[in-house]
Amino acid sequence: MIPKLMQSVALPTARIEASRRQFLLGALAAGTGIAVGYRLLAASPAAAAVTTTTGEAHSFPPYLTIDGDGKVTVLSSQFEMGQGSYNGIATLVAEELDADWSTIDVIGAAGNVKVYGNIAFGGALQGTGGSTSMASSWERYRKAGAAARAMLVAAAASEWGVGAAEITVENGVLSHPSGKSGGFGVFAAKAATMPVPADVALKQPSDWKLIGNAGLKRFDSARKANGTEQYTIDVKLPGMLTAVMIHPPFFGAKVKSFDASAAKALKGVVDVVETPRGIAVIGEHMWVAIKGRDAVTVEWDETAAEKRGTDELMSMYRDLAKKPPAAVARKDGDAEAAFASAAKVIEGSFEFPYLAHAAMEPLNAVARMNEDGTLEVWGGHQFPDVYQRLSAEIAGIAPEKVRLNVMKSGGSFGRRAVFDGDVIVESVYAAKAIGFRAPVKVQWTREDDMHAGRYRPAYVHSLKAGLDENGKLVAWDDHIVGQSIVAKTAFQGMIQNGVDPTSVEGAHNLPYAIPNQTVGLTTTEVGVPVLWWRSVGSTHTAFAAETFIDEVAEATGSDPVEFRLSMLEPDSRHAKVLKLAAEKAEWEKPLAEGRFRGVAIAESFGSVVAEIAEVSSDGNGGIKVERVVAAVDCGLAINPDQVRAQVEGGIGFGLGAILGEEITLTDGKVDQGNFDMYTPLRIDAMPKVEVHIVPSANPPSGIGEPGVPPIGPAVANAAYKALGKRIRVMPFAKSLNA
């Protein structure tokens with residue numbers, strides 16, 4: 001709960017959050033041309049009934065099908081990239097359907113924004129992001145399962161000549177006291193013809209068997225473990241060609257001319273074609289396409305190229321941070337007067353580099369024009385409506401003639417949620433360039449992903465805190481400098497009063513009762529392409545705020561946990577989560593010699609996470625993270641085991657970023673190319689992690705991202721105790737070696 005004294009702001013918290021939830025309303029509707037209400041076009045059985053070994057899959061539109069052997073296929077509006085959205089949605093459907101969990105499968109659906117639009121985004125766009133999958137699915141997928149169950153019961157009642165109320169359903173079987181029974185498959189065909197009930201009663205929590213079941217295992221675990229799960233990189237079509245891209249060496253550069261004669265002379269190179277995003281070298285397989293790429297010579301137009309390096313950019317950011325902000329995201333009380341009368345003022349600056357998403361599966365997509373004039377595109381369709389429209393424009397066909405095959409993705413962390421279609425449009429451009437005579441897969445290498453990717457923006461924070469004579473925190477100022485993720489995109493409408501909410505989230509809504517505080521923002525113009533990265537703005541705002549809070553606590557001689565609690569409403573989610581983490585970590589119990597603790601708390605995507613990190617010195621001026629205790633309030637935990645997995649994964653993801661990851665530029669060119677220079681967390685550096693979930697009856701909130709923000713500051717605060725040095729420049733290696 002946010003104290004009342006914090007609610008007078010220049011850019012209200014509610015407006016910022018509303019703009020995140022509804023970022024398509026206005027911005028996209030104003031002129032992006034994304035149509036709505038397409039008929040359903042998706043990979044099998046999403047489009048219609050599908051023939052199976054036992055007959056047809058019968059549609060219970062628009063969210064599931066049931067085939068003749070009782071297999072239940074859920075049509076997911078959300079994209080699966082490892083975060084478990086398919087599993088969560090399957091749980092919601094299976095719970096209300098009373099299905100046999102072993103018969104459940106899930107595929108991605110696309111092409112009908114009216115039914116698959118993300119409710120958390122306002123419903124005008126189908127998309128996966130912002131940790132909204134469960135919040136968007138919570139009600140409609142339960143209702144879909146309940147409706148299908150009612151239709152199956154109606155079919156059985158009609159077949160048996162009994163009352164529907166006399167029929168029970170359990171584990172995929174319908175039964176009657178007379179002894180009659182039958183599985184879902186027996187009644188699927190008839191049930192699909194029954195009227196869809198206008199309103200259905202949902203189960204009470206006391207009746208749930210799957211929702212909240214900590215022992216429920218993911219339906220897709222086996223095929224992920226045995227390697228049979230299919231991703232875009234696995235797609236193989238008859239006659240398919242493979243293309244690799246030559247992207248500009250500088251961001252903003254364009255092709256001036258190129259010579260592909262040597263490449264075309266290589267056996268297996270089919271063509272070399274120019275696209276608006278660079279040059280595509282198309283071959284019979286990837287190896288020959290790469291050999292062909294090496295043989296192409298290109299002259300680039302660098303007129304609009306970004307050629308500044310990291311040192312120059314960060315120097316500019318530091319200078320801007322010392323000046324008044326260009327916009328104000330929050331203004332409570334009179335911070336200027338409070339600082340002037342403060343007994344003590346503490347100042348600090350923090351620096352954050354560009355970060356790559358570095359998903360395990362590099363970007364890829366496949367495009368094929370069919371004989372019937374439909375264009376099929378296989379890929380990680382995180383924003384399918386956008387990709388459908390863009391593909392149609394390139395191919396010169398109506399959007400409803402584009403079929404998106406929604407593949408699972410080997411990670412994304414925001415990377416596949418792009419405004420311009422990225423590798424999706426590259427595949428369509430490449431296929432079009434050869435007259436659509438063959439399917440074309442565009443496959444990026446790791447180096448392509450690093451050099452021509454999108455990045456978490458670099459930021460500088462300039463922070464100042466004022467204490468009164470009693471040690472109370474009375475003034476707070478945070479000036480944030482960095483690029484906007486949404487500026488000059490279809491999501492420009494998110495920016496209000498000069499504030500991109502993704503730049504200030506986690507800073508503009510601090511939970512602490514500070515009577516006078518200002519959060520300012522200066523947005524920079526830099527040609528490096530940026531994008532949301534797992535937990536977006538909170539990746540830097542939580543670190544800056546929570547490490548600085550520790551500095552303030554030290555200045556007052558206060559315990560870091562008690563100092564935070566003194567500024568939180570006692571019954572707030574933040575206070576409860578912080579207390580739980582402290583209890584489970586035994587915060588008040590002395591640690592063994594050589595061990596040190598740090599704490600941090602952050603709210604993001606509707607969830608609150610507190611983490612306590614335990615570290616040791618590695619003897620070489622660095623630290624080793626030994627243990628992390630996390631407490632999380634994410635509303636009702638649909639799949640508790642999945643919640644724990646996401647928090648564990650978020651801790652590993654965030655830990656790698658703060659310890660050693662960074663994208664640097666030399667004269668505008670990215671220095672890192674692969675995992676030898678860009679270093680996500682190695683397995684031997686992963687700490688022991690304990691996750692404790694706060695019981696809640698509230699609707700589910702985000703969990704894919706909220707585990708990331710607290711880990712950096714928790715470790716930094718522990719590292720200060722271990723090494724006596726404040727870490728203010730990311731990654732840690734820079735601060736510790738300075």
# chains A, B, ... in the order shown; residues from 1 in each chain; ligands from 1
>>> residues_around(residues="Ala99 in chain A", least_positions_apart="2", cutoff="7 Å", atoms="only C-alpha atoms", output="list in words")
Ala94, Glu95, Leu97, Trp101, Glu170, Asn171 and Gly172 of chain A
>>> select_by_dssp(residues="range 567-687 of chain A", states="alpha helix (DSSP H)", output="JSON, numbers by chain")
{"A": [573, 574, 575, 576, 577, 578, 579, 580, 581, 582, 583, 584, 640, 641, 642, 643, 644, 645, 646, 647, 648, 649, 650, 651, 652, 653, 654, 655, 656, 657, 658, 659]}
>>> closest_residue(among="A:Gly212, A:Gly111, A:Gly619, A:Gly660", to="Val386 in chain A", atoms="only C-alpha atoms")
A:Gly111
>>> residues_around(residues="Leu92 in chain A", least_positions_apart="3", cutoff="9 Å", atoms="only C-alpha atoms", output="ChimeraX atom specification")
/A:87-89,95-97,137-139,141-145,210-211,638
>>> residues_around(residues="Glu562 in chain A", least_positions_apart="6", cutoff="12 Å", atoms="only C-alpha atoms", output="PyMOL selection string")
chain A and resi 549-550+553-554+556+568+570+575+578-579+582+587-588+599
>>> write_last_selection(atoms="N, CA and C atoms", output="PDB file, in the first residue's frame")
ATOM      1  N   ILE A 549      19.365   3.341  -0.539  1.00  0.00           N
ATOM      2  CA  ILE A 549      18.643   3.225   0.740  1.00  0.00           C
ATOM      3  C   ILE A 549      19.553   2.617   1.797  1.00  0.00           C
ATOM      4  N   ASP A 550      20.371   1.646   1.417  1.00  0.00           N
ATOM      5  CA  ASP A 550      21.311   1.050   2.361  1.00  0.00           C
ATOM      6  C   ASP A 550      22.340   2.065   2.837  1.00  0.00           C
ATOM      7  N   ALA A 553      20.581   4.161   5.351  1.00  0.00           N
ATOM      8  CA  ALA A 553      20.421   3.417   6.603  1.00  0.00           C
ATOM      9  C   ALA A 553      21.719   3.413   7.394  1.00  0.00           C
ATOM     10  N   GLU A 554      22.835   3.222   6.691  1.00  0.00           N
ATOM     11  CA  GLU A 554      24.131   3.226   7.370  1.00  0.00           C
ATOM     12  C   GLU A 554      24.414   4.596   7.993  1.00  0.00           C
ATOM     13  N   THR A 556      22.391   6.596   9.230  1.00  0.00           N
ATOM     14  CA  THR A 556      21.563   6.791  10.430  1.00  0.00           C
ATOM     15  C   THR A 556      21.883   5.771  11.507  1.00  0.00           C
ATOM     16  N   LEU A 568       7.544   1.793   5.660  1.00  0.00           N
ATOM     17  CA  LEU A 568       6.495   1.034   4.983  1.00  0.00           C
ATOM     18  C   LEU A 568       5.269   0.908   5.870  1.00  0.00           C
ATOM     19  N   PRO A 570       2.723  -0.988   7.849  1.00  0.00           N
ATOM     20  CA  PRO A 570       2.948  -2.304   8.492  1.00  0.00           C
ATOM     21  C   PRO A 570       2.235  -3.469   7.817  1.00  0.00           C
ATOM     22  N   ALA A 575       5.898  -4.741   3.217  1.00  0.00           N
ATOM     23  CA  ALA A 575       6.338  -5.057   4.573  1.00  0.00           C
ATOM     24  C   ALA A 575       6.236  -6.557   4.841  1.00  0.00           C
ATOM     25  N   LEU A 578       9.019  -8.399   2.946  1.00  0.00           N
ATOM     26  CA  LEU A 578      10.317  -8.134   3.552  1.00  0.00           C
ATOM     27  C   LEU A 578      10.476  -8.900   4.865  1.00  0.00           C
ATOM     28  N   LYS A 579       9.437  -8.915   5.668  1.00  0.00           N
ATOM     29  CA  LYS A 579       9.492  -9.649   6.939  1.00  0.00           C
ATOM     30  C   LYS A 579       9.665 -11.146   6.701  1.00  0.00           C
ATOM     31  N   ALA A 582      13.251 -11.858   5.659  1.00  0.00           N
ATOM     32  CA  ALA A 582      14.149 -11.716   6.808  1.00  0.00           C
ATOM     33  C   ALA A 582      14.017 -12.897   7.764  1.00  0.00           C
ATOM     34  N   TRP A 587      17.690 -13.263   9.454  1.00  0.00           N
ATOM     35  CA  TRP A 587      18.414 -12.002   9.346  1.00  0.00           C
ATOM     36  C   TRP A 587      19.089 -11.608  10.667  1.00  0.00           C
ATOM     37  N   GLU A 588      18.427 -11.829  11.778  1.00  0.00           N
ATOM     38  CA  GLU A 588      18.960 -11.382  13.062  1.00  0.00           C
ATOM     39  C   GLU A 588      19.983 -12.356  13.654  1.00  0.00           C
ATOM     40  N   VAL A 599      20.237  -6.935   1.636  1.00  0.00           N
ATOM     41  CA  VAL A 599      18.803  -7.060   1.388  1.00  0.00           C
ATOM     42  C   VAL A 599      18.357  -6.047   0.347  1.00  0.00           C
TER      43      VAL A 599
END
>>> closest_residue(among="A:Thr128, A:Thr523, A:Ser221, A:Ser341", to="Arg416 in chain A", atoms="only C-alpha atoms")
A:Thr128
>>> closest_residue(among="A:Lys114, A:Lys432, A:Arg293, A:His381", to="Val406 in chain A", atoms="only C-alpha atoms")
A:His381
>>> residues_around(residues="Trp287 in chain A", least_positions_apart="5", cutoff="12 Å", atoms="only C-alpha atoms", output="short mmCIF file (atom, residue, chain, number, x, y, z; two decimals) with all heavy atoms, in the first residue's frame")
data_model
loop_
_atom_site.label_atom_id
_atom_site.label_comp_id
_atom_site.auth_asym_id
_atom_site.auth_seq_id
_atom_site.Cartn_x
_atom_site.Cartn_y
_atom_site.Cartn_z
N LEU A 241 15.31 -23.36 -48.13
CA LEU A 241 16.63 -22.75 -48.22
C LEU A 241 16.92 -22.01 -46.91
O LEU A 241 16.00 -21.69 -46.16
CB LEU A 241 16.69 -21.78 -49.40
CG LEU A 241 16.34 -22.37 -50.77
CD1 LEU A 241 16.29 -21.26 -51.83
CD2 LEU A 241 17.34 -23.45 -51.17
N THR A 242 18.19 -21.75 -46.67
CA THR A 242 18.60 -21.04 -45.46
C THR A 242 19.31 -19.75 -45.84
O THR A 242 20.17 -19.74 -46.73
CB THR A 242 19.52 -21.90 -44.59
OG1 THR A 242 18.82 -23.08 -44.20
CG2 THR A 242 19.96 -21.15 -43.34
N ALA A 243 18.94 -18.67 -45.17
CA ALA A 243 19.56 -17.37 -45.42
C ALA A 243 20.25 -16.86 -44.17
O ALA A 243 19.75 -17.04 -43.05
CB ALA A 243 18.52 -16.36 -45.89
N VAL A 244 21.41 -16.25 -44.36
CA VAL A 244 22.06 -15.50 -43.29
C VAL A 244 22.15 -14.05 -43.74
O VAL A 244 22.17 -13.75 -44.94
CB VAL A 244 23.46 -16.06 -42.95
CG1 VAL A 244 23.34 -17.47 -42.39
CG2 VAL A 244 24.37 -16.03 -44.17
N LEU A 266 30.00 -19.82 -55.56
CA LEU A 266 30.14 -20.97 -54.67
C LEU A 266 28.99 -21.95 -54.89
O LEU A 266 27.82 -21.56 -54.97
CB LEU A 266 30.15 -20.50 -53.21
CG LEU A 266 31.33 -19.65 -52.76
CD1 LEU A 266 31.11 -19.15 -51.34
CD2 LEU A 266 32.62 -20.47 -52.83
N LYS A 267 29.33 -23.23 -54.97
CA LYS A 267 28.31 -24.26 -55.12
C LYS A 267 27.41 -24.27 -53.89
O LYS A 267 27.88 -24.33 -52.76
CB LYS A 267 28.97 -25.62 -55.28
CG LYS A 267 27.96 -26.76 -55.51
CD LYS A 267 28.66 -28.09 -55.66
CE LYS A 267 27.65 -29.22 -55.85
NZ LYS A 267 28.31 -30.54 -55.99
N GLY A 268 26.12 -24.20 -54.12
CA GLY A 268 25.16 -24.22 -53.03
C GLY A 268 24.62 -22.86 -52.66
O GLY A 268 23.60 -22.77 -51.96
N VAL A 269 25.27 -21.78 -53.10
CA VAL A 269 24.72 -20.45 -52.89
C VAL A 269 23.65 -20.20 -53.96
O VAL A 269 23.93 -20.27 -55.16
CB VAL A 269 25.80 -19.36 -52.95
CG1 VAL A 269 25.16 -17.97 -52.91
CG2 VAL A 269 26.77 -19.52 -51.78
N VAL A 281 22.04 -13.59 -47.79
CA VAL A 281 22.76 -14.59 -48.59
C VAL A 281 22.02 -15.91 -48.42
O VAL A 281 21.96 -16.46 -47.32
CB VAL A 281 24.22 -14.71 -48.12
CG1 VAL A 281 24.96 -15.73 -48.99
CG2 VAL A 281 24.92 -13.36 -48.16
N ILE A 282 21.46 -16.40 -49.53
CA ILE A 282 20.57 -17.56 -49.48
C ILE A 282 21.28 -18.78 -50.05
O ILE A 282 21.80 -18.74 -51.17
CB ILE A 282 19.27 -17.28 -50.27
CG1 ILE A 282 18.62 -15.99 -49.76
CG2 ILE A 282 18.31 -18.46 -50.15
CD1 ILE A 282 17.45 -15.53 -50.61
N GLY A 292 29.17 -18.06 -48.24
CA GLY A 292 28.82 -17.05 -49.23
C GLY A 292 28.86 -15.65 -48.64
O GLY A 292 29.32 -14.70 -49.29
N ARG A 293 28.37 -15.52 -47.42
CA ARG A 293 28.38 -14.21 -46.77
C ARG A 293 29.81 -13.67 -46.66
O ARG A 293 30.07 -12.48 -46.88
CB ARG A 293 27.75 -14.30 -45.39
CG ARG A 293 27.77 -12.99 -44.62
CD ARG A 293 26.91 -13.04 -43.38
NE ARG A 293 27.42 -13.92 -42.33
CZ ARG A 293 26.87 -14.03 -41.13
NH1 ARG A 293 25.77 -13.34 -40.82
NH2 ARG A 293 27.39 -14.84 -40.22
N ASP A 294 30.75 -14.56 -46.34
CA ASP A 294 32.15 -14.14 -46.20
C ASP A 294 32.72 -13.63 -47.52
O ASP A 294 33.70 -12.86 -47.52
CB ASP A 294 33.00 -15.31 -45.70
CG ASP A 294 32.64 -15.73 -44.28
OD1 ASP A 294 32.01 -14.92 -43.56
OD2 ASP A 294 32.98 -16.87 -43.89
N GLN A 443 18.30 -17.47 -40.41
CA GLN A 443 18.85 -17.88 -39.12
C GLN A 443 20.02 -16.97 -38.76
O GLN A 443 20.99 -16.88 -39.49
CB GLN A 443 19.34 -19.34 -39.17
CG GLN A 443 19.98 -19.83 -37.89
CD GLN A 443 19.01 -19.89 -36.73
OE1 GLN A 443 18.00 -20.59 -36.79
NE2 GLN A 443 19.30 -19.14 -35.67
N THR A 445 23.25 -15.93 -36.42
CA THR A 445 24.26 -16.53 -35.56
C THR A 445 24.28 -15.78 -34.23
O THR A 445 23.65 -14.73 -34.08
CB THR A 445 25.65 -16.44 -36.21
OG1 THR A 445 26.01 -15.05 -36.33
CG2 THR A 445 25.66 -17.10 -37.58
#
>>> select_by_dssp(residues="range 378-626 of chain A", states="strand (DSSP E)", output="PyMOL selection string")
chain A and resi 378-379+402-406+440-443+459-467+473-482+516-523+595-604+607-617+623-626
>>> atom_distance(atom1="CA of Gly239 in chain A", atom2="CA of Ala433 in chain A")
16.1 Å
>>> closest_residue(among="A:Ser558, A:Lys180, A:Gln126, A:Ala148", to="Ala198 in chain A", atoms="only C-alpha atoms")
A:Ala148
>>> closest_residue(among="A:Trp444, A:Phe250, A:Tyr231, A:Phe413", to="Met286 in chain A", atoms="only C-alpha atoms")
A:Trp444
>>> residues_around(residues="range 645-650 of chain A", least_positions_apart="5", cutoff="10 Å", atoms="only C-alpha atoms", output="PyMOL selection string")
chain A and resi 82-84+534-535+609+628-632+639-640+655-656+686-692+703-711
>>> residues_around(residues="range 253-262 of chain A", least_positions_apart="5", cutoff="6 Å", atoms="only C-alpha atoms", output="list of chain:residue names")
A:Pro248, A:Ala295, A:Val296, A:Thr297, A:Val298, A:Glu299, A:Trp300, A:Asp301, A:Glu302, A:Ala305
>>> write_last_selection(atoms="N, CA, C and O atoms", output="CSV table (one decimal), in the first residue's frame")
chain,number,residue,atom,x,y,z
A,248,PRO,N,24.4,-3.9,-41.4
A,248,PRO,CA,25.3,-2.8,-41.4
A,248,PRO,C,26.3,-2.9,-40.2
A,248,PRO,O,25.9,-3.3,-39.1
A,295,ALA,N,32.1,-14.0,-48.6
A,295,ALA,CA,32.6,-13.7,-50.0
A,295,ALA,C,32.0,-12.4,-50.5
A,295,ALA,O,32.4,-11.9,-51.6
A,296,VAL,N,31.0,-11.9,-49.9
A,296,VAL,CA,30.3,-10.7,-50.4
A,296,VAL,C,31.1,-9.4,-49.9
A,296,VAL,O,31.5,-9.3,-48.7
A,297,THR,N,31.3,-8.5,-50.8
A,297,THR,CA,31.9,-7.2,-50.4
A,297,THR,C,30.8,-6.1,-50.5
A,297,THR,O,30.0,-6.1,-51.4
A,298,VAL,N,30.7,-5.3,-49.4
A,298,VAL,CA,29.7,-4.3,-49.3
A,298,VAL,C,30.3,-2.9,-49.1
A,298,VAL,O,31.2,-2.7,-48.3
A,299,GLU,N,29.7,-1.9,-49.8
A,299,GLU,CA,30.0,-0.5,-49.5
A,299,GLU,C,28.8,0.1,-48.8
A,299,GLU,O,27.7,-0.1,-49.3
A,300,TRP,N,29.1,0.7,-47.7
A,300,TRP,CA,28.0,1.2,-46.8
A,300,TRP,C,27.9,2.7,-46.9
A,300,TRP,O,28.9,3.4,-47.0
A,301,ASP,N,26.6,3.2,-46.8
A,301,ASP,CA,26.3,4.6,-46.6
A,301,ASP,C,26.2,4.8,-45.2
A,301,ASP,O,25.3,4.4,-44.5
A,302,GLU,N,27.2,5.5,-44.6
A,302,GLU,CA,27.3,5.8,-43.2
A,302,GLU,C,26.9,7.2,-42.8
A,302,GLU,O,27.2,7.6,-41.7
A,305,ALA,N,24.9,7.1,-39.6
A,305,ALA,CA,25.4,6.1,-38.7
A,305,ALA,C,25.7,6.7,-37.3
A,305,ALA,O,26.2,7.8,-37.2
>>> closest_residue(among="A:His58, A:Arg454, A:Lys236, A:Arg330", to="Ala191 in chain A", atoms="only C-alpha atoms")
A:His58
>>> atom_distance(atom1="CA of Asn516 in chain A", atom2="CA of Leu565 in chain A")
18.3 Å
>>> atom_distance(atom1="CA of Leu174 in chain A", atom2="CA of Tyr63 in chain A")
20.9 Å
>>> decode(residues="range 441-521 of chain A", atoms="C-alpha atoms", output="CSV table (one decimal), in the first residue's frame")
chain,number,residue,atom,x,y,z
A,441,LYS,CA,14.6,-19.8,-43.2
A,442,VAL,CA,16.6,-16.8,-41.9
A,443,GLN,CA,18.9,-17.9,-39.1
A,444,TRP,CA,21.0,-15.5,-37.1
A,445,THR,CA,24.3,-16.5,-35.6
A,446,ARG,CA,25.2,-15.6,-32.0
A,447,GLU,CA,27.4,-12.9,-33.4
A,448,ASP,CA,24.5,-11.5,-35.5
A,449,ASP,CA,22.4,-11.4,-32.3
A,450,MET,CA,25.1,-9.5,-30.4
A,451,HIS,CA,26.2,-7.1,-33.1
A,452,ALA,CA,22.8,-6.2,-34.7
A,453,GLY,CA,20.5,-6.8,-31.8
A,454,ARG,CA,18.5,-4.6,-29.5
A,455,TYR,CA,19.7,-3.8,-26.0
A,456,ARG,CA,18.7,-2.8,-22.5
A,457,PRO,CA,19.4,1.0,-22.6
A,458,ALA,CA,22.4,2.3,-20.8
A,459,TYR,CA,21.5,4.6,-17.9
A,460,VAL,CA,23.0,7.0,-15.4
A,461,HIS,CA,21.3,7.9,-12.1
A,462,SER,CA,22.2,10.9,-10.0
A,463,LEU,CA,20.7,10.4,-6.5
A,464,LYS,CA,20.5,12.6,-3.4
A,465,ALA,CA,19.0,11.9,0.0
A,466,GLY,CA,18.4,14.3,2.9
A,467,LEU,CA,18.1,13.4,6.6
A,468,ASP,CA,16.7,15.5,9.4
A,469,GLU,CA,18.3,15.8,12.8
A,470,ASN,CA,16.5,12.7,14.0
A,471,GLY,CA,17.9,10.6,11.1
A,472,LYS,CA,14.6,10.5,9.3
A,473,LEU,CA,14.7,10.4,5.5
A,474,VAL,CA,12.9,13.6,4.5
A,475,ALA,CA,14.1,14.3,1.0
A,476,TRP,CA,14.9,12.2,-2.1
A,477,ASP,CA,15.9,13.1,-5.6
A,478,ASP,CA,16.6,10.7,-8.5
A,479,HIS,CA,17.6,12.1,-11.9
A,480,ILE,CA,17.6,9.3,-14.5
A,481,VAL,CA,19.4,9.7,-17.9
A,482,GLY,CA,19.0,7.3,-20.7
A,483,GLN,CA,17.3,6.3,-24.0
A,484,SER,CA,13.6,5.8,-24.4
A,485,ILE,CA,12.5,2.3,-25.5
A,486,VAL,CA,9.2,3.5,-27.0
A,487,ALA,CA,10.2,6.9,-28.6
A,488,LYS,CA,9.7,7.0,-32.4
A,489,THR,CA,7.9,3.6,-32.3
A,490,ALA,CA,4.3,2.6,-32.6
A,491,PHE,CA,4.2,2.9,-28.8
A,492,GLN,CA,5.2,6.6,-28.7
A,493,GLY,CA,1.8,7.3,-27.1
A,494,MET,CA,3.1,5.8,-23.8
A,495,ILE,CA,5.2,8.9,-23.3
A,496,GLN,CA,3.3,11.5,-21.3
A,497,ASN,CA,4.7,14.9,-20.3
A,498,GLY,CA,8.1,13.9,-21.7
A,499,VAL,CA,8.2,10.8,-19.5
A,500,ASP,CA,8.7,7.3,-20.9
A,501,PRO,CA,7.2,5.1,-18.1
A,502,THR,CA,9.6,2.3,-18.9
A,503,SER,CA,12.5,4.5,-18.0
A,504,VAL,CA,11.2,5.4,-14.6
A,505,GLU,CA,9.2,2.4,-13.4
A,506,GLY,CA,10.5,1.2,-10.1
A,507,ALA,CA,11.7,4.8,-9.3
A,508,HIS,CA,8.5,6.8,-9.7
A,509,ASN,CA,6.6,4.4,-7.4
A,510,LEU,CA,9.0,3.8,-4.5
A,511,PRO,CA,6.9,2.3,-1.6
A,512,TYR,CA,8.8,4.3,1.1
A,513,ALA,CA,7.1,7.1,3.0
A,514,ILE,CA,9.4,10.0,2.0
A,515,PRO,CA,7.5,13.3,2.3
A,516,ASN,CA,9.6,15.2,-0.3
A,517,GLN,CA,10.8,13.5,-3.4
A,518,THR,CA,11.4,14.2,-7.0
A,519,VAL,CA,12.1,11.8,-9.9
A,520,GLY,CA,13.4,13.4,-13.0
A,521,LEU,CA,14.1,12.1,-16.5
